[in-house]
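Here is the file protein.cif (mmCIF, C-alpha atoms).
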data_data
loop_
_atom_site.label_atom_id
_atom_site.label_comp_id
_atom_site.auth_asym_id
_atom_site.auth_seq_id
_atom_site.Cartn_x
_atom_site.Cartn_y
_atom_site.Cartn_z
CA MET Z 24 0.00 0.00 0.00
CA ARG Z 25 1.27 3.45 -0.93
CA TYR Z 26 -0.85 6.49 -0.15
CA GLU Z 27 0.06 9.99 -1.38
CA ILE Z 28 -1.15 13.34 -0.11
CA ARG Z 29 -0.02 16.71 -1.46
CA PHE Z 30 -0.68 20.02 0.25
CA SER Z 31 -0.09 22.87 -2.22
CA GLY Z 32 -0.70 26.59 -2.42
CA PHE Z 33 1.43 29.61 -1.61
CA GLY Z 34 3.64 30.72 1.25
CA GLY Z 35 1.76 32.10 4.23
CA GLN Z 36 -1.06 29.53 4.12
CA GLY Z 37 0.79 27.02 6.26
CA ILE Z 38 1.14 24.41 3.51
CA ILE Z 39 4.51 23.23 4.81
CA THR Z 40 3.20 23.17 8.39
CA ALA Z 41 0.08 21.19 7.44
CA GLY Z 42 2.20 18.49 5.79
CA ARG Z 43 4.60 18.31 8.73
CA ILE Z 44 1.85 18.09 11.37
CA PHE Z 45 -0.04 15.48 9.37
CA ALA Z 46 3.12 13.37 8.94
CA MET Z 47 3.89 13.64 12.67
CA SER Z 48 0.31 12.63 13.49
CA VAL Z 49 0.44 9.58 11.20
CA ILE Z 50 3.68 8.49 12.88
CA ALA Z 51 2.07 8.89 16.32
CA GLN Z 52 -1.01 6.86 15.37
CA ASN Z 53 0.64 4.28 13.09
CA PRO Z 54 4.26 3.76 14.11
CA GLN Z 55 4.42 0.57 12.05
CA LEU Z 56 4.02 2.49 8.77
CA TYR Z 57 6.72 4.18 6.72
CA ILE Z 58 6.16 7.93 6.41
CA VAL Z 59 8.01 10.35 4.15
CA TYR Z 60 7.46 14.09 4.43
CA SER Z 61 8.89 16.28 1.63
CA PRO Z 62 8.42 20.06 1.82
CA SER Z 63 9.21 22.39 -1.06
CA TYR Z 64 8.72 26.11 -1.51
CA GLY Z 65 9.72 28.82 -3.93
CA PHE Z 66 12.44 31.37 -3.27
CA GLN Z 67 9.87 33.70 -1.70
CA THR Z 68 8.64 32.57 1.69
CA ARG Z 69 5.41 34.57 1.64
CA GLY Z 70 3.42 34.57 -1.57
CA GLY Z 71 5.65 32.17 -3.49
CA SER Z 72 4.56 28.64 -4.30
CA ALA Z 73 4.64 26.03 -1.54
CA MET Z 74 3.90 22.35 -1.33
CA SER Z 75 4.50 19.40 0.92
CA ASP Z 76 4.04 15.74 0.20
CA VAL Z 77 3.26 13.05 2.72
CA ILE Z 78 3.75 9.48 1.54
CA ILE Z 79 2.41 6.67 3.69
CA SER Z 80 3.38 3.10 2.98
CA ASP Z 81 3.50 -0.33 4.58
CA GLU Z 82 6.91 -0.93 3.00
CA ASP Z 83 10.07 1.09 2.36
CA VAL Z 84 9.42 4.22 0.30
CA ASP Z 85 11.77 4.20 -2.68
CA TYR Z 86 10.81 7.62 -4.09
CA PRO Z 87 10.03 10.53 -1.72
CA LYS Z 88 7.81 12.62 -4.02
CA ALA Z 89 4.16 12.08 -4.83
CA SER Z 90 3.41 11.01 -8.39
CA SER Z 91 -0.13 9.60 -8.13
CA LEU Z 92 -2.11 11.60 -5.57
CA ASN Z 93 -4.82 9.99 -3.50
CA VAL Z 94 -5.63 13.39 -1.99
CA GLY Z 95 -4.47 16.75 -3.30
CA TYR Z 96 -5.05 20.11 -1.66
CA PHE Z 97 -4.84 22.92 -4.21
CA LEU Z 98 -5.07 26.27 -2.44
CA SER Z 99 -4.10 28.48 -5.37
CA GLN Z 100 -4.82 28.51 -9.09
CA GLU Z 101 -1.12 28.01 -9.80
CA ALA Z 102 -0.98 24.92 -7.56
CA PHE Z 103 -4.10 23.50 -9.19
CA ASN Z 104 -2.77 24.06 -12.71
CA LYS Z 105 0.58 22.55 -11.82
CA PHE Z 106 -0.51 19.49 -9.81
CA CYS Z 107 -4.12 18.49 -10.54
CA GLY Z 108 -2.93 16.18 -13.32
CA LEU Z 109 -1.19 14.06 -10.67
CA LEU Z 110 -4.51 13.04 -9.12
CA ASP Z 111 -4.99 9.29 -9.25
CA LYS Z 112 -8.10 8.13 -11.16
CA ASN Z 113 -9.80 7.58 -7.79
CA GLY Z 114 -8.07 10.50 -6.07
CA ILE Z 115 -9.81 13.60 -4.83
CA GLY Z 116 -8.81 17.23 -5.22
CA ILE Z 117 -9.75 19.78 -2.60
CA LEU Z 118 -9.79 23.38 -3.81
CA ASP Z 119 -10.37 26.70 -2.17
CA LYS Z 120 -13.48 28.41 -3.62
CA SER Z 121 -12.01 31.89 -3.47
CA LEU Z 122 -8.62 31.02 -5.03
CA VAL Z 123 -9.26 28.37 -7.69
CA HIS Z 124 -11.74 29.36 -10.38
CA ASP Z 125 -10.72 27.58 -13.57
CA VAL Z 126 -10.86 23.79 -13.21
CA SER Z 127 -10.92 22.99 -16.92
CA LEU Z 128 -7.43 21.43 -16.82
CA CYS Z 129 -8.73 18.56 -14.72
CA SER Z 130 -12.37 18.22 -15.66
CA GLY Z 131 -13.61 14.72 -15.04
CA LYS Z 132 -11.64 14.37 -11.78
CA LYS Z 133 -13.26 14.34 -8.34
CA LEU Z 134 -12.88 17.96 -7.28
CA TYR Z 135 -14.40 19.64 -4.24
CA ASN Z 136 -14.56 23.41 -3.75
CA LEU Z 137 -14.51 24.42 -0.09
CA ASP Z 138 -14.41 27.76 1.74
CA ILE Z 139 -11.09 27.09 3.45
CA VAL Z 140 -9.56 30.59 3.32
CA LYS Z 141 -12.88 32.28 4.12
CA ASN Z 142 -13.21 30.16 7.26
CA ALA Z 143 -9.58 30.88 8.21
CA GLU Z 144 -10.15 34.62 7.86
CA GLU Z 145 -13.29 34.39 10.01
CA ILE Z 146 -11.21 32.79 12.76
CA GLY Z 147 -8.45 35.39 12.59
CA GLY Z 148 -6.41 35.23 9.39
CA LEU Z 149 -4.65 33.21 6.75
CA LEU Z 150 -2.40 31.51 9.28
CA PHE Z 151 -5.34 29.29 10.34
CA THR Z 152 -5.67 27.86 6.81
CA SER Z 153 -3.31 25.00 7.67
CA THR Z 154 -5.31 23.98 10.73
CA ILE Z 155 -8.58 23.99 8.78
CA VAL Z 156 -6.87 21.78 6.18
CA LEU Z 157 -5.74 19.47 9.00
CA GLY Z 158 -9.32 19.28 10.27
CA ILE Z 159 -10.49 18.22 6.80
CA THR Z 160 -7.66 15.70 6.63
CA SER Z 161 -8.53 14.28 10.06
CA TYR Z 162 -11.99 13.44 8.75
CA LEU Z 163 -10.95 12.10 5.35
CA LEU Z 164 -7.91 10.13 6.51
CA LYS Z 165 -8.91 9.19 10.05
CA ASN Z 166 -7.43 5.70 9.63
CA PHE Z 167 -4.02 7.31 9.28
CA ALA Z 168 -4.44 10.19 11.75
CA SER Z 169 -7.65 10.77 13.69
CA LYS Z 170 -8.90 14.17 14.80
CA GLU Z 171 -7.77 13.38 18.35
CA THR Z 172 -4.25 12.48 17.20
CA ILE Z 173 -3.95 15.60 15.04
CA GLU Z 174 -5.33 17.71 17.89
CA LYS Z 175 -2.57 16.41 20.20
CA THR Z 176 0.06 17.20 17.58
CA VAL Z 177 -1.38 20.68 16.97
CA SER Z 178 -1.43 21.30 20.74
CA SER Z 179 2.26 20.49 21.04
CA TYR Z 180 3.27 22.29 17.83
CA PHE Z 181 1.71 25.76 18.03
CA LYS Z 182 2.21 28.52 20.60
CA LYS Z 183 -0.30 28.54 23.44
CA THR Z 184 -1.28 32.09 22.44
CA TYR Z 185 -3.04 30.80 19.33
CA MET Z 186 -4.17 27.44 20.68
CA GLU Z 187 -7.84 28.27 21.13
CA LYS Z 188 -8.12 29.56 17.56
CA ASN Z 189 -6.13 26.64 16.14
CA LEU Z 190 -8.42 24.14 17.88
CA LEU Z 191 -11.44 26.08 16.57
CA ALA Z 192 -9.95 25.93 13.05
CA LEU Z 193 -9.34 22.19 13.40
CA GLU Z 194 -12.98 21.71 14.44
CA LYS Z 195 -14.23 23.91 11.57
CA GLY Z 196 -12.26 21.90 9.04
CA TYR Z 197 -13.49 18.61 10.48
CA ASN Z 198 -17.13 19.74 10.40
CA LEU Z 199 -16.74 21.14 6.88
CA ALA Z 200 -15.40 17.77 5.71
CA LYS Z 201 -18.16 15.91 7.54
CA GLU Z 202 -20.75 17.84 5.54
CA VAL Z 203 -19.04 17.60 2.16
CA PHE Z 204 -17.45 14.14 2.30
CA LYS Z 205 -20.03 12.06 4.18
CA ASP Z 206 -20.31 9.63 1.26
CA VAL Z 207 -16.73 9.87 -0.03
CA ILE Z 208 -14.31 7.01 0.44
CA VAL Z 209 -10.62 7.72 -0.11
#
Would you kindly transcribe this structure into structure tokens?
Amino acid sequence: MRYEIRFSGFGGQGIITAGRIFAMSVIAQNPQLYIVYSPSYGFQTRGGSAMSDVIISDEDVDYPKASSLNVGYFLSQEAFNKFCGLLDKNGIGILDKSLVHDVSLCSGKKLYNLDIVKNAEEIGGLLFTSTIVLGITSYLLKNFASKETIEKTVSSYFKKTYMEKNLLALEKGYNLAKEVFKDVIV
């Protein structure tokens, strides 16, 4: 079994952080699995492109980059255009409604438009985007990392100053996924 998740968007959304926290959570919940986390970002930290891959396998991982995505988060038009073609035939793409408008490059794929950034801004800003994404992930991929496991990782990762808002963002993402993906199997 090889399972590939890509978080992609632009710097400032917490794409790198979301991948790292998810990978750490999978390790905590499933120490018997092999996990590879590969972050990558453009030369600009804020506003430049960013992505992180998490590969989960029950055997050694021979290639550390995703090439057939089971789940892809595309939180910018550029990320969507660049990576949507990597979605596996049964994979799902999760897009932000306010940032991805043209989906013609990957018509026919399972794509879901969610209000991720809007919800993050309602909580307090773009920096909560990653935690909303983690909430969605905790619902979709609960066999790898449950909401409780991700919540523990988030609690140990972020500053206490923002903990209440991060936990709210995690809950928002989880509830958003529960509404949208109740019949989706990944």
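The smallest atom-to-atom distance between Asn104 in chain Z and any of Z:Asn142, Z:Ser31, Z:Thr172, Z:Ser90, using only C-alpha atoms, is found for Z:Ser31.
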Next on the checklist: Just to confirm, what's the straight-line distance from CA of Asn53 in chain Z to CA of Asn166 in chain Z in Å (one decimal)?
Outcome noted: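 Separation between CA of Asn53 in chain Z and CA of Asn166 in chain Z: 8.9 Å.
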Item to check | Pick from Z:Ile44, Z:Leu191, Z:Val126, Z:Ile28, whichever lies nearest to Ser179 in chain Z using only C-alpha atoms | outcome: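 Under the stated criterion, the closest residue is Z:Ile44.
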Checklist entry - Between CA of Ala168 in chain Z and CA of Lys141 in chain Z, what is the spacing in Å? => result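 Going from CA of Lys141 in chain Z over to CA of Ala168 in chain Z covers 24.8 Å.
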Please evaluate the PyMOL selection byres ((chain Z and resi 134) around 9) against the structure above and give the resulting residues as a PDB file with C-alpha atoms, in the frame of the given file.
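For reference, selection.pdb as written:
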ATOM      1  CA  GLY Z 114      -8.070  10.500  -6.070  1.00  0.00           C
ATOM      2  CA  ILE Z 115      -9.810  13.600  -4.830  1.00  0.00           C
ATOM      3  CA  GLY Z 116      -8.810  17.230  -5.220  1.00  0.00           C
ATOM      4  CA  ILE Z 117      -9.750  19.780  -2.600  1.00  0.00           C
ATOM      5  CA  LEU Z 118      -9.790  23.380  -3.810  1.00  0.00           C
ATOM      6  CA  VAL Z 126     -10.860  23.790 -13.210  1.00  0.00           C
ATOM      7  CA  CYS Z 129      -8.730  18.560 -14.720  1.00  0.00           C
ATOM      8  CA  SER Z 130     -12.370  18.220 -15.660  1.00  0.00           C
ATOM      9  CA  GLY Z 131     -13.610  14.720 -15.040  1.00  0.00           C
ATOM     10  CA  LYS Z 132     -11.640  14.370 -11.780  1.00  0.00           C
ATOM     11  CA  LYS Z 133     -13.260  14.340  -8.340  1.00  0.00           C
ATOM     12  CA  TYR Z 135     -14.400  19.640  -4.240  1.00  0.00           C
ATOM     13  CA  ASN Z 136     -14.560  23.410  -3.750  1.00  0.00           C
TER      14      ASN Z 136
END
Where atoms are absent from range 197-208 of chain Z, fill them in so it carries all heavy atoms, then output it as an mmCIF file, in the coordinates of the input.
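Resulting contents of part.cif:
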data_model
loop_
_atom_site.group_PDB
_atom_site.id
_atom_site.type_symbol
_atom_site.label_atom_id
_atom_site.label_comp_id
_atom_site.auth_asym_id
_atom_site.auth_seq_id
_atom_site.Cartn_x
_atom_site.Cartn_y
_atom_site.Cartn_z
ATOM 1 N N TYR Z 197 -12.890 19.943 10.292
ATOM 2 C CA TYR Z 197 -13.490 18.610 10.480
ATOM 3 C C TYR Z 197 -14.978 18.640 10.144
ATOM 4 O O TYR Z 197 -15.477 17.782 9.409
ATOM 5 C CB TYR Z 197 -13.272 18.153 11.930
ATOM 6 C CG TYR Z 197 -13.777 16.757 12.192
ATOM 7 C CD1 TYR Z 197 -12.980 15.653 11.915
ATOM 8 C CD2 TYR Z 197 -15.042 16.545 12.700
ATOM 9 C CE1 TYR Z 197 -13.434 14.364 12.137
ATOM 10 C CE2 TYR Z 197 -15.520 15.267 12.930
ATOM 11 C CZ TYR Z 197 -14.709 14.173 12.655
ATOM 12 O OH TYR Z 197 -15.176 12.906 12.877
ATOM 13 N N ASN Z 198 -15.680 19.638 10.658
ATOM 14 C CA ASN Z 198 -17.130 19.740 10.400
ATOM 15 C C ASN Z 198 -17.426 20.038 8.939
ATOM 16 O O ASN Z 198 -18.399 19.536 8.383
ATOM 17 C CB ASN Z 198 -17.765 20.784 11.313
ATOM 18 C CG ASN Z 198 -17.806 20.316 12.749
ATOM 19 O OD1 ASN Z 198 -17.875 19.126 13.043
ATOM 20 N ND2 ASN Z 198 -17.746 21.259 13.674
ATOM 21 N N LEU Z 199 -16.592 20.840 8.310
ATOM 22 C CA LEU Z 199 -16.740 21.140 6.880
ATOM 23 C C LEU Z 199 -16.611 19.846 6.075
ATOM 24 O O LEU Z 199 -17.427 19.562 5.192
ATOM 25 C CB LEU Z 199 -15.679 22.148 6.466
ATOM 26 C CG LEU Z 199 -15.712 22.726 5.064
ATOM 27 C CD1 LEU Z 199 -17.005 23.480 4.815
ATOM 28 C CD2 LEU Z 199 -14.532 23.673 4.877
ATOM 29 N N ALA Z 200 -15.607 19.046 6.406
ATOM 30 C CA ALA Z 200 -15.400 17.770 5.710
ATOM 31 C C ALA Z 200 -16.551 16.807 5.967
ATOM 32 O O ALA Z 200 -16.983 16.077 5.067
ATOM 33 C CB ALA Z 200 -14.079 17.141 6.151
ATOM 34 N N LYS Z 201 -17.050 16.801 7.178
ATOM 35 C CA LYS Z 201 -18.160 15.910 7.540
ATOM 36 C C LYS Z 201 -19.389 16.185 6.673
ATOM 37 O O LYS Z 201 -20.084 15.270 6.246
ATOM 38 C CB LYS Z 201 -18.482 16.099 9.021
ATOM 39 C CG LYS Z 201 -19.156 14.939 9.670
ATOM 40 C CD LYS Z 201 -18.924 15.008 11.171
ATOM 41 C CE LYS Z 201 -20.181 15.313 11.906
ATOM 42 N NZ LYS Z 201 -20.030 15.249 13.360
ATOM 43 N N GLU Z 202 -19.629 17.461 6.396
ATOM 44 C CA GLU Z 202 -20.750 17.840 5.540
ATOM 45 C C GLU Z 202 -20.521 17.442 4.089
ATOM 46 O O GLU Z 202 -21.376 16.883 3.434
ATOM 47 C CB GLU Z 202 -20.957 19.364 5.579
ATOM 48 C CG GLU Z 202 -21.546 19.909 6.822
ATOM 49 C CD GLU Z 202 -21.582 21.434 6.789
ATOM 50 O OE1 GLU Z 202 -21.666 22.023 5.683
ATOM 51 O OE2 GLU Z 202 -21.504 22.043 7.871
ATOM 52 N N VAL Z 203 -19.339 17.762 3.587
ATOM 53 C CA VAL Z 203 -19.040 17.600 2.160
ATOM 54 C C VAL Z 203 -18.699 16.162 1.785
ATOM 55 O O VAL Z 203 -19.089 15.690 0.724
ATOM 56 C CB VAL Z 203 -17.877 18.542 1.758
ATOM 57 C CG1 VAL Z 203 -17.443 18.300 0.328
ATOM 58 C CG2 VAL Z 203 -18.280 19.990 1.951
ATOM 59 N N PHE Z 204 -17.991 15.450 2.650
ATOM 60 C CA PHE Z 204 -17.450 14.140 2.300
ATOM 61 C C PHE Z 204 -18.130 12.966 2.995
ATOM 62 O O PHE Z 204 -17.540 11.893 3.093
ATOM 63 C CB PHE Z 204 -15.940 14.094 2.616
ATOM 64 C CG PHE Z 204 -15.138 15.100 1.849
ATOM 65 C CD1 PHE Z 204 -14.552 16.175 2.494
ATOM 66 C CD2 PHE Z 204 -14.991 14.993 0.479
ATOM 67 C CE1 PHE Z 204 -13.808 17.102 1.797
ATOM 68 C CE2 PHE Z 204 -14.258 15.929 -0.237
ATOM 69 C CZ PHE Z 204 -13.679 16.982 0.429
ATOM 70 N N LYS Z 205 -19.374 13.144 3.436
ATOM 71 C CA LYS Z 205 -20.030 12.060 4.180
ATOM 72 C C LYS Z 205 -20.140 10.760 3.388
ATOM 73 O O LYS Z 205 -20.132 9.682 3.969
ATOM 74 C CB LYS Z 205 -21.380 12.511 4.732
ATOM 75 C CG LYS Z 205 -22.363 12.965 3.687
ATOM 76 C CD LYS Z 205 -23.633 13.472 4.332
ATOM 77 C CE LYS Z 205 -24.441 14.234 3.299
ATOM 78 N NZ LYS Z 205 -25.105 15.358 3.813
ATOM 79 N N ASP Z 206 -20.201 10.848 2.086
ATOM 80 C CA ASP Z 206 -20.310 9.630 1.260
ATOM 81 C C ASP Z 206 -19.053 9.332 0.456
ATOM 82 O O ASP Z 206 -19.080 8.473 -0.423
ATOM 83 C CB ASP Z 206 -21.506 9.761 0.300
ATOM 84 C CG ASP Z 206 -22.826 9.918 1.033
ATOM 85 O OD1 ASP Z 206 -22.984 9.303 2.115
ATOM 86 O OD2 ASP Z 206 -23.708 10.670 0.552
ATOM 87 N N VAL Z 207 -17.972 10.037 0.741
ATOM 88 C CA VAL Z 207 -16.730 9.870 -0.030
ATOM 89 C C VAL Z 207 -15.812 8.894 0.676
ATOM 90 O O VAL Z 207 -15.587 8.989 1.874
ATOM 91 C CB VAL Z 207 -16.021 11.235 -0.207
ATOM 92 C CG1 VAL Z 207 -14.687 11.049 -0.903
ATOM 93 C CG2 VAL Z 207 -16.900 12.187 -0.990
ATOM 94 N N ILE Z 208 -15.280 7.957 -0.079
ATOM 95 C CA ILE Z 208 -14.310 7.010 0.440
ATOM 96 C C ILE Z 208 -12.996 7.263 -0.271
ATOM 97 O O ILE Z 208 -12.937 7.270 -1.497
ATOM 98 C CB ILE Z 208 -14.751 5.556 0.222
ATOM 99 C CG1 ILE Z 208 -16.074 5.301 0.957
ATOM 100 C CG2 ILE Z 208 -13.675 4.578 0.686
ATOM 101 C CD1 ILE Z 208 -16.743 4.002 0.589
#
